[in-house]
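Enquirer: What follows is a single structure, and I will ask about it in a moment.
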Amino acid sequence: QVQLVESGGGLVQAGGSLRLSCAASGSTWRINAMGWYRQAPGKQRELVAIIARAGSTTYADSVKGRFTISRDNTANTVFLQMNSLKPEDTAVYYCNAVSGIAAYWGQGTQVTVSS
């Protein structure tokens with residue numbers, strides 16, 4: 001089992017920045033990929049960014065050049081630096097960890113970008 005706890009969400013004006021953190025605990029040695037997803041009201045949950053244990057990354061087209069995902073394997077923590085935020089980035093952001101064939105989710109953190 002893996003437990004994930006997110007932090008760092010909040011309210012920010014358009015053009016501003018936020019940094020999300022997600023700390024993993026439990027059977028962390030089994031984790032390979034970690035990432036961030038988001039879900040806006042009335043929409044499906046979508047991928048934002050993922051990072052493999054070795055460091056390779058994948059981003060949604062909508063956040064490329066604005067968001068940066070990083071990972072501290074020693075601290076079992078993944079970060080999402082979000083710059084140049086737009087109102088359409090408003091959503092609940094969920095941390096995700098993949099361990100073998102299992103996927104784990106955090107409780108979510110709200111990010112609200114005002115225009």
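Letters A, B, ... go to the chains of the structure tokens in the order shown; residues in each chain start at 1; ligands are counted from 1 in the same order.
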So that I can check the surroundings of Lys86 of chain A, please list as JSON, numbers by chain every protein, DNA and RNA residue that reaches within 9 Å of it, counting only C-alpha atoms and ignoring chain neighbours fewer than 4 positions away.
Expert: {"A": [13, 14, 15, 16, 90, 113, 114, 115]}
Enquirer: Going by DSSP on the backbone, which bits of chain A are strand (DSSP E)? Write them as a PyMOL selection string, please.
Expert: chain A and resi 2-7+10-13+18-26+31-39+46-51+57-59+67-72+77-82+91-99+102-105+109-114
Enquirer: Could you take the residues named above and write them with C-alpha atoms, as an mmCIF file, in the first residue's frame?
Expert:
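Generated output (again34.cif):
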```cif
data_model
loop_
_atom_site.group_PDB
_atom_site.id
_atom_site.type_symbol
_atom_site.label_atom_id
_atom_site.label_comp_id
_atom_site.auth_asym_id
_atom_site.auth_seq_id
_atom_site.Cartn_x
_atom_site.Cartn_y
_atom_site.Cartn_z
ATOM 1 C CA VAL A 2 1.033 3.539 -0.766
ATOM 2 C CA GLN A 3 -0.394 6.669 0.819
ATOM 3 C CA LEU A 4 -0.180 10.043 -0.909
ATOM 4 C CA VAL A 5 -0.647 13.451 0.675
ATOM 5 C CA GLU A 6 -0.803 16.578 -1.467
ATOM 6 C CA SER A 7 -0.206 20.168 -0.422
ATOM 7 C CA GLY A 10 -4.787 27.641 -3.316
ATOM 8 C CA LEU A 11 -6.127 30.739 -5.008
ATOM 9 C CA VAL A 12 -3.922 32.706 -7.384
ATOM 10 C CA GLN A 13 -4.437 35.372 -10.008
ATOM 11 C CA LEU A 18 1.890 27.746 -7.422
ATOM 12 C CA ARG A 19 3.944 24.757 -6.371
ATOM 13 C CA LEU A 20 2.240 21.494 -5.477
ATOM 14 C CA SER A 21 3.888 18.773 -3.426
ATOM 15 C CA CYS A 22 2.943 15.150 -2.925
ATOM 16 C CA ALA A 23 4.583 13.010 -0.284
ATOM 17 C CA ALA A 24 4.363 9.235 -0.555
ATOM 18 C CA SER A 25 4.571 6.826 2.349
ATOM 19 C CA GLY A 26 4.136 3.103 2.830
ATOM 20 C CA ILE A 31 6.729 3.055 -6.914
ATOM 21 C CA ASN A 32 7.880 3.634 -10.470
ATOM 22 C CA ALA A 33 5.942 6.477 -12.067
ATOM 23 C CA MET A 34 4.412 9.388 -10.175
ATOM 24 C CA GLY A 35 2.322 12.145 -11.599
ATOM 25 C CA TRP A 36 -0.384 14.753 -11.410
ATOM 26 C CA TYR A 37 -3.887 14.678 -12.808
ATOM 27 C CA ARG A 38 -6.623 17.265 -12.561
ATOM 28 C CA GLN A 39 -10.385 17.374 -12.711
ATOM 29 C CA GLU A 46 -7.055 14.360 -17.162
ATOM 30 C CA LEU A 47 -3.325 13.842 -17.125
ATOM 31 C CA VAL A 48 -1.216 16.901 -16.331
ATOM 32 C CA ALA A 49 2.290 15.446 -16.047
ATOM 33 C CA ILE A 50 4.052 12.235 -15.085
ATOM 34 C CA ILE A 51 7.631 11.415 -14.187
ATOM 35 C CA THR A 57 8.683 13.193 -18.113
ATOM 36 C CA THR A 58 5.451 13.531 -20.060
ATOM 37 C CA TYR A 59 3.243 16.622 -20.134
ATOM 38 C CA PHE A 67 4.420 23.467 -15.682
ATOM 39 C CA THR A 68 7.409 21.470 -14.505
ATOM 40 C CA ILE A 69 7.238 18.135 -12.717
ATOM 41 C CA SER A 70 10.123 16.967 -10.580
ATOM 42 C CA ARG A 71 10.788 14.213 -8.118
ATOM 43 C CA ASP A 72 12.907 13.576 -5.063
ATOM 44 C CA THR A 77 8.060 13.318 -3.031
ATOM 45 C CA VAL A 78 6.881 14.671 -6.370
ATOM 46 C CA PHE A 79 6.449 18.351 -7.153
ATOM 47 C CA LEU A 80 4.539 20.327 -9.741
ATOM 48 C CA GLN A 81 5.736 23.870 -10.369
ATOM 49 C CA MET A 82 2.970 25.757 -12.126
ATOM 50 C CA ALA A 91 -9.335 22.205 -10.993
ATOM 51 C CA VAL A 92 -8.757 19.732 -8.214
ATOM 52 C CA TYR A 93 -5.254 18.355 -8.679
ATOM 53 C CA TYR A 94 -4.611 14.746 -7.733
ATOM 54 C CA CYS A 95 -1.300 13.065 -7.110
ATOM 55 C CA ASN A 96 -0.898 9.590 -8.584
ATOM 56 C CA ALA A 97 1.629 6.827 -7.993
ATOM 57 C CA VAL A 98 1.991 3.617 -9.954
ATOM 58 C CA SER A 99 3.397 0.601 -8.147
ATOM 59 C CA ALA A 102 -1.603 -0.851 -8.745
ATOM 60 C CA ALA A 103 -2.367 2.859 -8.910
ATOM 61 C CA TYR A 104 -2.774 5.065 -5.875
ATOM 62 C CA TRP A 105 -4.363 8.494 -5.546
ATOM 63 C CA THR A 109 -5.882 19.771 -3.668
ATOM 64 C CA GLN A 110 -7.887 22.656 -5.107
ATOM 65 C CA VAL A 111 -6.212 25.107 -7.447
ATOM 66 C CA THR A 112 -8.250 28.166 -8.378
ATOM 67 C CA VAL A 113 -6.990 30.750 -10.864
ATOM 68 C CA SER A 114 -8.884 34.020 -10.989
#
```
Enquirer: What is the atom CA of Pro41 of chain A-atom CA of Asn83 of chain A distance in Å, reported with one decimal?
Expert: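 Spanning atom CA of Pro41 of chain A to atom CA of Asn83 of chain A is a straight-line distance of 21.6 Å.
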Enquirer: To one decimal in Å, tell me the separation between atom CA of Ile101 of chain A and atom CA of Thr74 of chain A.
Expert: 22.3 Å
Enquirer: Would you compute the distance between atom CA of Asp61 of chain A and atom CA of Thr28 of chain A? Give it in Å to one decimal.
Expert: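 Atom-to-atom, atom CA of Asp61 of chain A to atom CA of Thr28 of chain A, that is 29.0 Å.
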Enquirer: Hey, what does DSSP flag as helix (DSSP H, G or I) within chain A? Can you give it to me as a list in words?
Expert: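 Those residues are Thr28, Trp29, Arg30, Pro87, Glu88 and Asp89 of chain A.
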Enquirer: Considering only C-alpha atoms, state which residue in the set A:Arg45, A:Arg53, A:Gln1, A:Ala40 is at the smallest distance from Asn76 of chain A.
Expert: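 Ranking A:Arg45, A:Arg53, A:Gln1, A:Ala40 by distance to Asn76 of chain A, first place goes to A:Arg53.
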